[in-house]
file start-v1.cif (mmCIF, N, CA and C atoms)
data_model
#
loop_
_atom_site.label_atom_id
_atom_site.label_comp_id
_atom_site.auth_asym_id
_atom_site.auth_seq_id
_atom_site.Cartn_x
_atom_site.Cartn_y
_atom_site.Cartn_z
N MET A 1 -2.84 100.38 48.07
CA MET A 1 -2.37 99.05 47.72
C MET A 1 -2.68 98.80 46.25
N LYS A 2 -1.67 98.54 45.47
CA LYS A 2 -1.85 98.28 44.05
C LYS A 2 -1.71 96.80 43.79
N GLY A 3 -2.20 96.39 42.65
CA GLY A 3 -2.08 95.00 42.25
C GLY A 3 -3.44 94.34 42.16
N ILE A 4 -3.45 93.13 41.67
CA ILE A 4 -4.67 92.38 41.47
C ILE A 4 -4.83 91.38 42.62
N PRO A 5 -6.00 91.36 43.29
CA PRO A 5 -6.19 90.35 44.33
C PRO A 5 -6.31 88.96 43.70
N TYR A 6 -5.68 87.98 44.32
CA TYR A 6 -5.72 86.61 43.79
C TYR A 6 -5.57 85.63 44.95
N LEU A 7 -5.86 84.37 44.66
CA LEU A 7 -5.61 83.31 45.63
C LEU A 7 -5.01 82.12 44.91
N ASN A 8 -4.23 81.35 45.65
CA ASN A 8 -3.59 80.15 45.12
C ASN A 8 -4.23 78.93 45.76
N THR A 9 -4.49 77.91 44.95
CA THR A 9 -5.09 76.68 45.46
C THR A 9 -3.99 75.65 45.72
N TYR A 10 -4.37 74.55 46.41
CA TYR A 10 -3.41 73.49 46.71
C TYR A 10 -2.87 72.82 45.44
N ASP A 11 -3.68 72.81 44.38
CA ASP A 11 -3.22 72.15 43.15
C ASP A 11 -2.48 73.11 42.22
N GLY A 12 -2.17 74.32 42.69
CA GLY A 12 -1.34 75.23 41.92
C GLY A 12 -2.08 76.23 41.05
N GLN A 13 -3.39 76.22 41.07
CA GLN A 13 -4.15 77.19 40.27
C GLN A 13 -4.11 78.56 40.93
N THR A 14 -4.17 79.59 40.12
CA THR A 14 -4.28 80.96 40.61
C THR A 14 -5.61 81.52 40.14
N ILE A 15 -6.39 82.01 41.07
CA ILE A 15 -7.71 82.57 40.75
C ILE A 15 -7.66 84.07 41.04
N ARG A 16 -7.92 84.85 40.01
CA ARG A 16 -7.88 86.30 40.14
C ARG A 16 -9.24 86.84 40.56
N TYR A 17 -9.23 87.92 41.28
CA TYR A 17 -10.42 88.62 41.76
C TYR A 17 -11.38 87.70 42.53
N PRO A 18 -10.92 87.04 43.60
CA PRO A 18 -11.83 86.20 44.38
C PRO A 18 -12.73 87.06 45.26
N ASP A 19 -13.69 86.44 45.90
CA ASP A 19 -14.56 87.12 46.85
C ASP A 19 -13.70 87.73 47.95
N PRO A 20 -13.90 89.00 48.31
CA PRO A 20 -13.05 89.62 49.34
C PRO A 20 -13.22 89.01 50.73
N LEU A 21 -14.27 88.22 50.95
CA LEU A 21 -14.47 87.57 52.24
C LEU A 21 -13.59 86.33 52.42
N ILE A 22 -13.02 85.81 51.33
CA ILE A 22 -12.17 84.63 51.40
C ILE A 22 -10.79 85.04 51.90
N LYS A 23 -10.37 84.37 52.96
CA LYS A 23 -9.06 84.65 53.57
C LYS A 23 -8.18 83.41 53.49
N ALA A 24 -6.96 83.51 53.98
CA ALA A 24 -6.03 82.39 53.98
C ALA A 24 -6.61 81.24 54.81
N ASN A 25 -6.37 80.01 54.37
CA ASN A 25 -6.81 78.77 55.00
C ASN A 25 -8.29 78.46 54.83
N ASP A 26 -9.05 79.28 54.14
CA ASP A 26 -10.44 78.96 53.82
C ASP A 26 -10.47 77.94 52.69
N THR A 27 -11.57 77.20 52.58
CA THR A 27 -11.73 76.20 51.53
C THR A 27 -12.75 76.70 50.52
N ILE A 28 -12.46 76.53 49.24
CA ILE A 28 -13.38 76.97 48.20
C ILE A 28 -13.92 75.78 47.43
N LYS A 29 -15.12 75.95 46.87
CA LYS A 29 -15.68 74.98 45.92
C LYS A 29 -15.62 75.67 44.56
N LEU A 30 -14.91 75.03 43.64
CA LEU A 30 -14.63 75.64 42.35
C LEU A 30 -15.37 74.92 41.25
N ASP A 31 -16.07 75.67 40.40
CA ASP A 31 -16.70 75.11 39.21
C ASP A 31 -15.62 74.97 38.15
N LEU A 32 -15.31 73.74 37.77
CA LEU A 32 -14.19 73.49 36.87
C LEU A 32 -14.45 73.97 35.45
N GLU A 33 -15.70 74.01 35.03
CA GLU A 33 -16.00 74.46 33.67
C GLU A 33 -15.80 75.96 33.50
N SER A 34 -16.32 76.73 34.47
CA SER A 34 -16.21 78.18 34.36
C SER A 34 -15.03 78.75 35.14
N ASN A 35 -14.37 77.92 35.94
CA ASN A 35 -13.25 78.34 36.78
C ASN A 35 -13.66 79.46 37.74
N LYS A 36 -14.88 79.38 38.25
CA LYS A 36 -15.41 80.37 39.19
C LYS A 36 -15.66 79.71 40.55
N ILE A 37 -15.54 80.48 41.60
CA ILE A 37 -15.79 79.99 42.95
C ILE A 37 -17.30 80.00 43.19
N THR A 38 -17.87 78.82 43.54
CA THR A 38 -19.31 78.74 43.78
C THR A 38 -19.63 78.91 45.27
N GLU A 39 -18.80 78.35 46.15
CA GLU A 39 -19.01 78.47 47.60
C GLU A 39 -17.65 78.47 48.28
N PHE A 40 -17.65 78.87 49.57
CA PHE A 40 -16.43 78.75 50.35
C PHE A 40 -16.78 78.54 51.82
N ILE A 41 -15.83 77.93 52.54
CA ILE A 41 -15.98 77.66 53.97
C ILE A 41 -14.88 78.42 54.70
N LYS A 42 -15.26 79.17 55.73
CA LYS A 42 -14.29 79.86 56.55
C LYS A 42 -13.57 78.86 57.45
N PHE A 43 -12.32 79.12 57.75
CA PHE A 43 -11.56 78.29 58.68
C PHE A 43 -11.88 78.77 60.09
N ASP A 44 -12.99 78.28 60.65
CA ASP A 44 -13.48 78.73 61.95
C ASP A 44 -13.65 77.57 62.91
N VAL A 45 -13.77 77.91 64.17
CA VAL A 45 -14.05 76.92 65.21
C VAL A 45 -15.42 76.30 64.94
N GLY A 46 -15.51 74.97 65.07
CA GLY A 46 -16.77 74.26 64.86
C GLY A 46 -16.90 73.60 63.50
N ASN A 47 -16.01 73.90 62.57
CA ASN A 47 -16.06 73.29 61.25
C ASN A 47 -15.26 71.99 61.22
N ILE A 48 -15.62 71.11 60.29
CA ILE A 48 -14.93 69.82 60.15
C ILE A 48 -13.65 70.03 59.35
N VAL A 49 -12.56 69.42 59.83
CA VAL A 49 -11.28 69.51 59.12
C VAL A 49 -10.73 68.11 58.89
N MET A 50 -9.87 67.98 57.90
CA MET A 50 -9.14 66.75 57.62
C MET A 50 -7.68 67.02 57.99
N VAL A 51 -7.07 66.11 58.72
CA VAL A 51 -5.68 66.25 59.14
C VAL A 51 -4.80 65.56 58.09
N THR A 52 -3.88 66.31 57.49
CA THR A 52 -3.05 65.78 56.41
C THR A 52 -1.60 65.56 56.82
N GLY A 53 -1.24 65.90 58.05
CA GLY A 53 0.13 65.72 58.51
C GLY A 53 0.17 65.51 60.00
N GLY A 54 1.31 65.08 60.50
CA GLY A 54 1.47 64.86 61.93
C GLY A 54 1.09 63.45 62.34
N ARG A 55 1.07 63.19 63.64
CA ARG A 55 0.79 61.86 64.16
C ARG A 55 -0.66 61.44 63.99
N ASN A 56 -1.59 62.38 64.01
CA ASN A 56 -3.01 62.07 63.95
C ASN A 56 -3.58 62.25 62.55
N ARG A 57 -2.81 61.92 61.55
CA ARG A 57 -3.19 62.10 60.15
C ARG A 57 -4.39 61.24 59.79
N GLY A 58 -5.30 61.80 58.99
CA GLY A 58 -6.35 60.99 58.40
C GLY A 58 -7.76 61.29 58.81
N PRO A 59 -8.13 61.15 60.06
CA PRO A 59 -9.55 61.24 60.38
C PRO A 59 -10.10 62.65 60.27
N ALA A 60 -11.41 62.74 60.10
CA ALA A 60 -12.09 64.03 60.04
C ALA A 60 -12.53 64.42 61.44
N GLU A 61 -12.21 65.63 61.85
CA GLU A 61 -12.52 66.09 63.19
C GLU A 61 -13.08 67.50 63.17
N VAL A 62 -13.41 68.01 64.36
CA VAL A 62 -13.99 69.34 64.52
C VAL A 62 -12.98 70.25 65.21
N ILE A 63 -12.84 71.48 64.72
CA ILE A 63 -11.94 72.46 65.32
C ILE A 63 -12.55 72.93 66.64
N LYS A 64 -11.78 72.85 67.72
CA LYS A 64 -12.24 73.31 69.03
C LYS A 64 -11.66 74.67 69.39
N ASN A 65 -10.40 74.91 69.00
CA ASN A 65 -9.74 76.15 69.40
C ASN A 65 -8.59 76.42 68.44
N ARG A 66 -8.24 77.70 68.33
CA ARG A 66 -7.12 78.10 67.47
C ARG A 66 -6.22 79.02 68.29
N GLU A 67 -4.95 78.66 68.43
CA GLU A 67 -3.99 79.46 69.18
C GLU A 67 -3.00 80.10 68.23
N LYS A 68 -2.79 81.39 68.40
CA LYS A 68 -1.80 82.09 67.59
C LYS A 68 -0.60 82.39 68.48
N HIS A 69 0.56 81.87 68.08
CA HIS A 69 1.80 82.10 68.80
C HIS A 69 2.69 82.99 67.94
N LYS A 70 3.03 84.16 68.45
CA LYS A 70 3.88 85.07 67.67
C LYS A 70 5.28 84.48 67.52
N GLY A 71 5.78 84.48 66.31
CA GLY A 71 7.11 83.98 66.05
C GLY A 71 7.21 82.47 66.00
N SER A 72 6.06 81.78 66.02
CA SER A 72 6.07 80.33 66.00
C SER A 72 4.88 79.85 65.18
N PHE A 73 4.57 78.56 65.29
CA PHE A 73 3.48 77.98 64.52
C PHE A 73 2.14 78.25 65.18
N GLU A 74 1.10 78.43 64.35
CA GLU A 74 -0.26 78.49 64.88
C GLU A 74 -0.70 77.06 65.18
N MET A 75 -1.33 76.87 66.34
CA MET A 75 -1.77 75.55 66.76
C MET A 75 -3.29 75.47 66.69
N ILE A 76 -3.80 74.33 66.24
CA ILE A 76 -5.23 74.07 66.15
C ILE A 76 -5.55 72.92 67.09
N HIS A 77 -6.51 73.14 67.99
CA HIS A 77 -6.97 72.08 68.88
C HIS A 77 -8.19 71.43 68.23
N ILE A 78 -8.15 70.10 68.14
CA ILE A 78 -9.14 69.34 67.38
C ILE A 78 -9.70 68.23 68.25
N GLN A 79 -11.00 67.91 68.04
CA GLN A 79 -11.64 66.80 68.74
C GLN A 79 -12.31 65.91 67.71
N ASP A 80 -12.07 64.58 67.82
CA ASP A 80 -12.71 63.66 66.88
C ASP A 80 -14.03 63.16 67.45
N ALA A 81 -14.71 62.31 66.71
CA ALA A 81 -16.05 61.85 67.08
C ALA A 81 -16.04 60.99 68.35
N THR A 82 -14.90 60.39 68.68
CA THR A 82 -14.81 59.57 69.89
C THR A 82 -14.50 60.39 71.13
N GLY A 83 -14.23 61.69 70.97
CA GLY A 83 -13.94 62.56 72.10
C GLY A 83 -12.46 62.80 72.33
N HIS A 84 -11.60 62.15 71.55
CA HIS A 84 -10.15 62.32 71.68
C HIS A 84 -9.76 63.71 71.20
N GLU A 85 -9.04 64.46 72.04
CA GLU A 85 -8.60 65.81 71.67
C GLU A 85 -7.09 65.83 71.50
N PHE A 86 -6.63 66.61 70.53
CA PHE A 86 -5.20 66.79 70.30
C PHE A 86 -4.98 68.13 69.62
N ALA A 87 -3.72 68.53 69.55
CA ALA A 87 -3.35 69.79 68.90
C ALA A 87 -2.37 69.49 67.78
N THR A 88 -2.45 70.26 66.71
CA THR A 88 -1.53 70.11 65.59
C THR A 88 -1.29 71.48 64.97
N ARG A 89 -0.31 71.54 64.09
CA ARG A 89 -0.01 72.80 63.41
C ARG A 89 -1.08 73.15 62.39
N LEU A 90 -1.23 74.43 62.15
CA LEU A 90 -2.22 74.92 61.18
C LEU A 90 -1.97 74.36 59.79
N GLY A 91 -0.73 74.18 59.40
CA GLY A 91 -0.40 73.66 58.07
C GLY A 91 -0.77 72.21 57.87
N ASN A 92 -1.13 71.49 58.95
CA ASN A 92 -1.47 70.08 58.84
C ASN A 92 -2.95 69.82 58.62
N VAL A 93 -3.77 70.86 58.58
CA VAL A 93 -5.22 70.65 58.47
C VAL A 93 -5.82 71.53 57.38
N PHE A 94 -6.97 71.09 56.84
CA PHE A 94 -7.76 71.96 55.97
C PHE A 94 -9.24 71.63 56.16
N THR A 95 -10.08 72.61 55.94
CA THR A 95 -11.51 72.49 56.19
C THR A 95 -12.17 71.67 55.09
N ILE A 96 -13.03 70.71 55.49
CA ILE A 96 -13.75 69.90 54.51
C ILE A 96 -15.26 70.01 54.67
N GLY A 97 -15.72 70.78 55.67
CA GLY A 97 -17.16 70.91 55.85
C GLY A 97 -17.53 72.03 56.78
N LYS A 98 -18.75 72.50 56.60
CA LYS A 98 -19.27 73.59 57.42
C LYS A 98 -20.11 72.98 58.54
N GLY A 99 -19.81 73.36 59.80
CA GLY A 99 -20.52 72.78 60.93
C GLY A 99 -20.17 71.30 61.05
N THR A 100 -21.18 70.46 61.13
CA THR A 100 -20.94 69.01 61.21
C THR A 100 -21.23 68.31 59.89
N ARG A 101 -21.46 69.07 58.84
CA ARG A 101 -21.80 68.49 57.54
C ARG A 101 -20.62 68.62 56.56
N PRO A 102 -19.97 67.49 56.22
CA PRO A 102 -18.83 67.56 55.30
C PRO A 102 -19.27 67.77 53.85
N TRP A 103 -18.41 68.43 53.06
CA TRP A 103 -18.66 68.64 51.63
C TRP A 103 -18.27 67.41 50.82
N ILE A 104 -17.47 66.55 51.39
CA ILE A 104 -17.00 65.36 50.69
C ILE A 104 -17.57 64.12 51.36
N SER A 105 -17.56 63.00 50.66
CA SER A 105 -18.00 61.76 51.28
C SER A 105 -16.84 61.19 52.08
N LEU A 106 -17.15 60.80 53.32
CA LEU A 106 -16.13 60.25 54.20
C LEU A 106 -16.12 58.73 54.11
N PRO A 107 -14.98 58.10 54.38
CA PRO A 107 -14.93 56.64 54.36
C PRO A 107 -15.78 56.05 55.48
N LYS A 108 -15.98 54.72 55.42
CA LYS A 108 -16.79 54.08 56.45
C LYS A 108 -16.18 54.37 57.82
N GLY A 109 -17.04 54.50 58.81
CA GLY A 109 -16.58 54.88 60.14
C GLY A 109 -16.43 56.37 60.30
N LYS A 110 -16.89 57.14 59.32
CA LYS A 110 -16.85 58.60 59.32
C LYS A 110 -15.45 59.16 59.56
N GLY A 111 -14.45 58.45 59.06
CA GLY A 111 -13.09 58.96 59.14
C GLY A 111 -12.41 58.71 60.46
N ILE A 112 -13.02 57.95 61.37
CA ILE A 112 -12.40 57.67 62.65
C ILE A 112 -11.39 56.56 62.47
N LYS A 113 -10.17 56.82 62.88
CA LYS A 113 -9.09 55.86 62.71
C LYS A 113 -9.06 54.94 63.93
N LEU A 114 -9.24 53.64 63.71
CA LEU A 114 -9.18 52.66 64.78
C LEU A 114 -7.76 52.13 64.94
N SER A 115 -7.45 51.66 66.15
CA SER A 115 -6.15 51.03 66.34
C SER A 115 -6.17 49.68 65.62
N ILE A 116 -5.02 49.09 65.44
CA ILE A 116 -4.93 47.82 64.73
C ILE A 116 -5.71 46.74 65.46
N VAL A 117 -5.64 46.73 66.79
CA VAL A 117 -6.34 45.72 67.59
C VAL A 117 -7.86 45.89 67.46
N LYS A 118 -8.35 47.13 67.57
CA LYS A 118 -9.79 47.37 67.46
C LYS A 118 -10.30 47.03 66.07
N GLU A 119 -9.50 47.34 65.06
CA GLU A 119 -9.91 47.03 63.69
C GLU A 119 -10.00 45.53 63.47
N ALA A 120 -9.05 44.77 64.04
CA ALA A 120 -9.06 43.30 63.91
C ALA A 120 -10.27 42.71 64.63
N LYS A 121 -10.58 43.23 65.82
CA LYS A 121 -11.75 42.74 66.57
C LYS A 121 -13.04 43.02 65.80
N LYS A 122 -13.13 44.17 65.19
CA LYS A 122 -14.32 44.54 64.41
C LYS A 122 -14.47 43.62 63.20
N ARG A 123 -13.35 43.32 62.53
CA ARG A 123 -13.38 42.44 61.35
C ARG A 123 -13.79 41.02 61.75
N ILE A 124 -13.28 40.51 62.88
CA ILE A 124 -13.61 39.17 63.35
C ILE A 124 -15.09 39.11 63.73
N ALA A 125 -15.59 40.15 64.40
CA ALA A 125 -17.00 40.18 64.79
C ALA A 125 -17.90 40.19 63.55
N ALA A 126 -17.49 40.88 62.50
CA ALA A 126 -18.28 40.92 61.27
C ALA A 126 -18.29 39.54 60.58
N GLN A 127 -17.15 38.83 60.63
CA GLN A 127 -17.09 37.50 60.04
C GLN A 127 -17.97 36.52 60.80
N VAL A 128 -17.96 36.60 62.14
CA VAL A 128 -18.79 35.72 62.96
C VAL A 128 -20.28 35.98 62.69
N ALA A 129 -20.63 37.27 62.59
CA ALA A 129 -22.03 37.63 62.34
C ALA A 129 -22.50 37.16 60.96
N SER A 130 -21.60 37.20 59.98
CA SER A 130 -22.01 36.80 58.62
C SER A 130 -22.14 35.28 58.50
N THR A 131 -21.38 34.52 59.26
CA THR A 131 -21.48 33.06 59.19
C THR A 131 -22.60 32.51 60.07
N ALA A 132 -23.03 33.28 61.05
CA ALA A 132 -24.10 32.79 61.95
C ALA A 132 -25.48 32.98 61.37
#

call {"tool": "encode", "arguments": {"input": "start-v1.cif", "output": "structure tokens"}}
result
Amino acid sequence: MKGIPYLNTYDGQTIRYPDPLIKANDTIKLDLESNKITEFIKFDVGNIVMVTGGRNRGPAEVIKNREKHKGSFEMIHIQDATGHEFATRLGNVFTIGKGTRPWISLPKGKGIKLSIVKEAKKRIAAQVASTA
């Protein structure tokens, strides 16, 4: 096999000669000054992912299972902190943390998306508590 090993990032950068352990769908931490990879996370079961597409977009969840379908899309089974499980395509998710510890700061509620009704009830309860 000839050629230079490289990887492409979501923002369009190309990094030559990456660590040979880094595979497709893994997440890297890049030092912007030196343009070198400092750490990386494997796309494995048990890691925290962020869903960027599909119906369940937004919250941070844990990978439960990965199904490979020949000739079709790879499916990822995910469970959120409330216990809700769903499946989505591999292209709709990316890893944001190793184990249960995210590399990024999550929004309040740890990325759990509430329904409109639950969110309104929570807001009303907070207003009542602050005035009492």

call {"tool": "resolve_selection", "arguments": {"input": "start-v1.cif", "expression": "the PyMOL selection byres ((chain A and resi 60) around 8)", "output": "VMD selection string"}}
result
chain A and resid 48 to 51 57 to 59 61 to 63 79 to 81 106 110 to 113

call {"tool": "atom_distance", "arguments": {"input": "start-v1.cif", "atom1": "atom N of A:Gly54", "atom2": "atom CA of A:Pro18"}}
result
29.6 Å

call {"tool": "closest_residue", "arguments": {"input": "start-v1.cif", "among": "A:Asp31, A:Asp26, A:Glu67, A:Glu119", "to": "A:Leu7", "atoms": "only C-alpha atoms"}}
result
A:Asp26

call {"tool": "select_by_dssp", "arguments": {"input": "start-v1.cif", "residues": "chain A", "states": "strand (DSSP E or B)", "output": "ChimeraX atom specification"}}
result
/A:6-8,14-16,27-31,36-41,48-51,60-67,75-79,85-89,93-98,101-102

call {"tool": "write_last_selection", "arguments": {"input": "start-v1.cif", "atoms": "N, CA and C atoms", "output": "compact mmCIF listing (two decimals), in the frame of the given file"}}
result
# COMPACT_ATOMS: atom_id res chain seq x y z
N TYR A 6 -5.68 87.98 44.32
CA TYR A 6 -5.72 86.61 43.79
C TYR A 6 -5.57 85.63 44.95
N LEU A 7 -5.86 84.37 44.66
CA LEU A 7 -5.61 83.31 45.63
C LEU A 7 -5.01 82.12 44.91
N ASN A 8 -4.23 81.35 45.65
CA ASN A 8 -3.59 80.15 45.12
C ASN A 8 -4.23 78.93 45.76
N THR A 14 -4.17 79.59 40.12
CA THR A 14 -4.28 80.96 40.61
C THR A 14 -5.61 81.52 40.14
N ILE A 15 -6.39 82.01 41.07
CA ILE A 15 -7.71 82.57 40.75
C ILE A 15 -7.66 84.07 41.04
N ARG A 16 -7.92 84.85 40.01
CA ARG A 16 -7.88 86.30 40.14
C ARG A 16 -9.24 86.84 40.56
N THR A 27 -11.57 77.20 52.58
CA THR A 27 -11.73 76.20 51.53
C THR A 27 -12.75 76.70 50.52
N ILE A 28 -12.46 76.53 49.24
CA ILE A 28 -13.38 76.97 48.20
C ILE A 28 -13.92 75.78 47.43
N LYS A 29 -15.12 75.95 46.87
CA LYS A 29 -15.68 74.98 45.92
C LYS A 29 -15.62 75.67 44.56
N LEU A 30 -14.91 75.03 43.64
CA LEU A 30 -14.63 75.64 42.35
C LEU A 30 -15.37 74.92 41.25
N ASP A 31 -16.07 75.67 40.40
CA ASP A 31 -16.70 75.11 39.21
C ASP A 31 -15.62 74.97 38.15
N LYS A 36 -14.88 79.38 38.25
CA LYS A 36 -15.41 80.37 39.19
C LYS A 36 -15.66 79.71 40.55
N ILE A 37 -15.54 80.48 41.60
CA ILE A 37 -15.79 79.99 42.95
C ILE A 37 -17.30 80.00 43.19
N THR A 38 -17.87 78.82 43.54
CA THR A 38 -19.31 78.74 43.78
C THR A 38 -19.63 78.91 45.27
N GLU A 39 -18.80 78.35 46.15
CA GLU A 39 -19.01 78.47 47.60
C GLU A 39 -17.65 78.47 48.28
N PHE A 40 -17.65 78.87 49.57
CA PHE A 40 -16.43 78.75 50.35
C PHE A 40 -16.78 78.54 51.82
N ILE A 41 -15.83 77.93 52.54
CA ILE A 41 -15.98 77.66 53.97
C ILE A 41 -14.88 78.42 54.70
N ILE A 48 -15.62 71.11 60.29
CA ILE A 48 -14.93 69.82 60.15
C ILE A 48 -13.65 70.03 59.35
N VAL A 49 -12.56 69.42 59.83
CA VAL A 49 -11.28 69.51 59.12
C VAL A 49 -10.73 68.11 58.89
N MET A 50 -9.87 67.98 57.90
CA MET A 50 -9.14 66.75 57.62
C MET A 50 -7.68 67.02 57.99
N VAL A 51 -7.07 66.11 58.72
CA VAL A 51 -5.68 66.25 59.14
C VAL A 51 -4.80 65.56 58.09
N ALA A 60 -11.41 62.74 60.10
CA ALA A 60 -12.09 64.03 60.04
C ALA A 60 -12.53 64.42 61.44
N GLU A 61 -12.21 65.63 61.85
CA GLU A 61 -12.52 66.09 63.19
C GLU A 61 -13.08 67.50 63.17
N VAL A 62 -13.41 68.01 64.36
CA VAL A 62 -13.99 69.34 64.52
C VAL A 62 -12.98 70.25 65.21
N ILE A 63 -12.84 71.48 64.72
CA ILE A 63 -11.94 72.46 65.32
C ILE A 63 -12.55 72.93 66.64
N LYS A 64 -11.78 72.85 67.72
CA LYS A 64 -12.24 73.31 69.03
C LYS A 64 -11.66 74.67 69.39
N ASN A 65 -10.40 74.91 69.00
CA ASN A 65 -9.74 76.15 69.40
C ASN A 65 -8.59 76.42 68.44
N ARG A 66 -8.24 77.70 68.33
CA ARG A 66 -7.12 78.10 67.47
C ARG A 66 -6.22 79.02 68.29
N GLU A 67 -4.95 78.66 68.43
CA GLU A 67 -3.99 79.46 69.18
C GLU A 67 -3.00 80.10 68.23
N MET A 75 -1.33 76.87 66.34
CA MET A 75 -1.77 75.55 66.76
C MET A 75 -3.29 75.47 66.69
N ILE A 76 -3.80 74.33 66.24
CA ILE A 76 -5.23 74.07 66.15
C ILE A 76 -5.55 72.92 67.09
N HIS A 77 -6.51 73.14 67.99
CA HIS A 77 -6.97 72.08 68.88
C HIS A 77 -8.19 71.43 68.23
N ILE A 78 -8.15 70.10 68.14
CA ILE A 78 -9.14 69.34 67.38
C ILE A 78 -9.70 68.23 68.25
N GLN A 79 -11.00 67.91 68.04
CA GLN A 79 -11.64 66.80 68.74
C GLN A 79 -12.31 65.91 67.71
N GLU A 85 -9.04 64.46 72.04
CA GLU A 85 -8.60 65.81 71.67
C GLU A 85 -7.09 65.83 71.50
N PHE A 86 -6.63 66.61 70.53
CA PHE A 86 -5.20 66.79 70.30
C PHE A 86 -4.98 68.13 69.62
N ALA A 87 -3.72 68.53 69.55
CA ALA A 87 -3.35 69.79 68.90
C ALA A 87 -2.37 69.49 67.78
N THR A 88 -2.45 70.26 66.71
CA THR A 88 -1.53 70.11 65.59
C THR A 88 -1.29 71.48 64.97
N ARG A 89 -0.31 71.54 64.09
CA ARG A 89 -0.01 72.80 63.41
C ARG A 89 -1.08 73.15 62.39
N VAL A 93 -3.77 70.86 58.58
CA VAL A 93 -5.22 70.65 58.47
C VAL A 93 -5.82 71.53 57.38
N PHE A 94 -6.97 71.09 56.84
CA PHE A 94 -7.76 71.96 55.97
C PHE A 94 -9.24 71.63 56.16
N THR A 95 -10.08 72.61 55.94
CA THR A 95 -11.51 72.49 56.19
C THR A 95 -12.17 71.67 55.09
N ILE A 96 -13.03 70.71 55.49
CA ILE A 96 -13.75 69.90 54.51
C ILE A 96 -15.26 70.01 54.67
N GLY A 97 -15.72 70.78 55.67
CA GLY A 97 -17.16 70.91 55.85
C GLY A 97 -17.53 72.03 56.78
N LYS A 98 -18.75 72.50 56.60
CA LYS A 98 -19.27 73.59 57.42
C LYS A 98 -20.11 72.98 58.54
N ARG A 101 -21.46 69.07 58.84
CA ARG A 101 -21.80 68.49 57.54
C ARG A 101 -20.62 68.62 56.56
N PRO A 102 -19.97 67.49 56.22
CA PRO A 102 -18.83 67.56 55.30
C PRO A 102 -19.27 67.77 53.85

call {"tool": "atom_distance", "arguments": {"input": "start-v1.cif", "atom1": "atom CA of A:Ala24", "atom2": "atom C of A:Ser105"}}
result
23.9 Å

call {"tool": "select_by_dssp", "arguments": {"input": "start-v1.cif", "residues": "chain A", "states": "helix (DSSP H, G or I)", "output": "list in words"}}
result
Leu90, Gly91, Asn92, Ile116, Val117, Lys118, Glu119, Ala120, Lys121, Lys122, Arg123, Ile124, Ala125, Ala126, Gln127, Val128, Ala129, Ser130 and Thr131 of chain A

call {"tool": "resolve_selection", "arguments": {"input": "start-v1.cif", "expression": "the PyMOL selection byres ((chain A and resi 98) around 6.5)", "output": "NGL selection string"}}
result
:A and (41 or 46-48 or 96-97 or 99-103)

call {"tool": "atom_distance", "arguments": {"input": "start-v1.cif", "atom1": "atom CA of A:Lys23", "atom2": "atom N of A:Phe43"}}
result
7.7 Å

call {"tool": "residues_around", "arguments": {"input": "start-v1.cif", "residues": "A:Thr38", "least_positions_apart": "2", "cutoff": "6.5 Å", "atoms": "all atoms listed in the file", "output": "list in words"}}
result
Ile28, Lys29, Leu30, Asp31, Lys36 and Phe40 of chain A

call {"tool": "residues_near_point", "arguments": {"input": "start-v1.cif", "point": "(-10.9, 74.8, 69.1)", "cutoff": "7 Å", "atoms": "only C-alpha atoms", "output": "number ranges by chain"}}
result
A: 45, 63-66, 76-78

call {"tool": "decode", "arguments": {"input": "start-v1.cif", "residues": "stretch 100-107 of chain A", "atoms": "N, CA, C and O atoms", "output": "PDB file, in the first residue's frame"}}
result
ATOM      1  N   THR A 100     -18.304   7.578  30.956  1.00  0.00           N
ATOM      2  CA  THR A 100     -19.399   8.489  31.308  1.00  0.00           C
ATOM      3  C   THR A 100     -18.903   9.919  31.505  1.00  0.00           C
ATOM      4  O   THR A 100     -19.650  10.769  31.955  1.00  0.00           O
ATOM      5  N   ARG A 101     -17.656  10.183  31.162  1.00  0.00           N
ATOM      6  CA  ARG A 101     -17.071  11.511  31.360  1.00  0.00           C
ATOM      7  C   ARG A 101     -16.913  12.238  30.019  1.00  0.00           C
ATOM      8  O   ARG A 101     -16.068  11.875  29.199  1.00  0.00           O
ATOM      9  N   PRO A 102     -17.722  13.295  29.782  1.00  0.00           N
ATOM     10  CA  PRO A 102     -17.623  14.016  28.508  1.00  0.00           C
ATOM     11  C   PRO A 102     -16.388  14.917  28.460  1.00  0.00           C
ATOM     12  O   PRO A 102     -15.934  15.418  29.475  1.00  0.00           O
ATOM     13  N   TRP A 103     -15.858  15.130  27.247  1.00  0.00           N
ATOM     14  CA  TRP A 103     -14.729  16.044  27.033  1.00  0.00           C
ATOM     15  C   TRP A 103     -15.194  17.486  26.948  1.00  0.00           C
ATOM     16  O   TRP A 103     -14.389  18.398  27.053  1.00  0.00           O
ATOM     17  N   ILE A 104     -16.463  17.697  26.709  1.00  0.00           N
ATOM     18  CA  ILE A 104     -17.003  19.044  26.568  1.00  0.00           C
ATOM     19  C   ILE A 104     -17.966  19.321  27.711  1.00  0.00           C
ATOM     20  O   ILE A 104     -18.442  18.398  28.362  1.00  0.00           O
ATOM     21  N   SER A 105     -18.255  20.586  27.950  1.00  0.00           N
ATOM     22  CA  SER A 105     -19.242  20.915  28.976  1.00  0.00           C
ATOM     23  C   SER A 105     -20.628  20.784  28.356  1.00  0.00           C
ATOM     24  O   SER A 105     -20.881  21.247  27.256  1.00  0.00           O
ATOM     25  N   LEU A 106     -21.509  20.101  29.085  1.00  0.00           N
ATOM     26  CA  LEU A 106     -22.862  19.881  28.606  1.00  0.00           C
ATOM     27  C   LEU A 106     -23.789  20.958  29.150  1.00  0.00           C
ATOM     28  O   LEU A 106     -23.542  21.502  30.225  1.00  0.00           O
ATOM     29  N   PRO A 107     -24.873  21.256  28.449  1.00  0.00           N
ATOM     30  CA  PRO A 107     -25.818  22.249  28.952  1.00  0.00           C
ATOM     31  C   PRO A 107     -26.516  21.744  30.211  1.00  0.00           C
ATOM     32  O   PRO A 107     -26.401  20.579  30.562  1.00  0.00           O
TER      33      PRO A 107
END
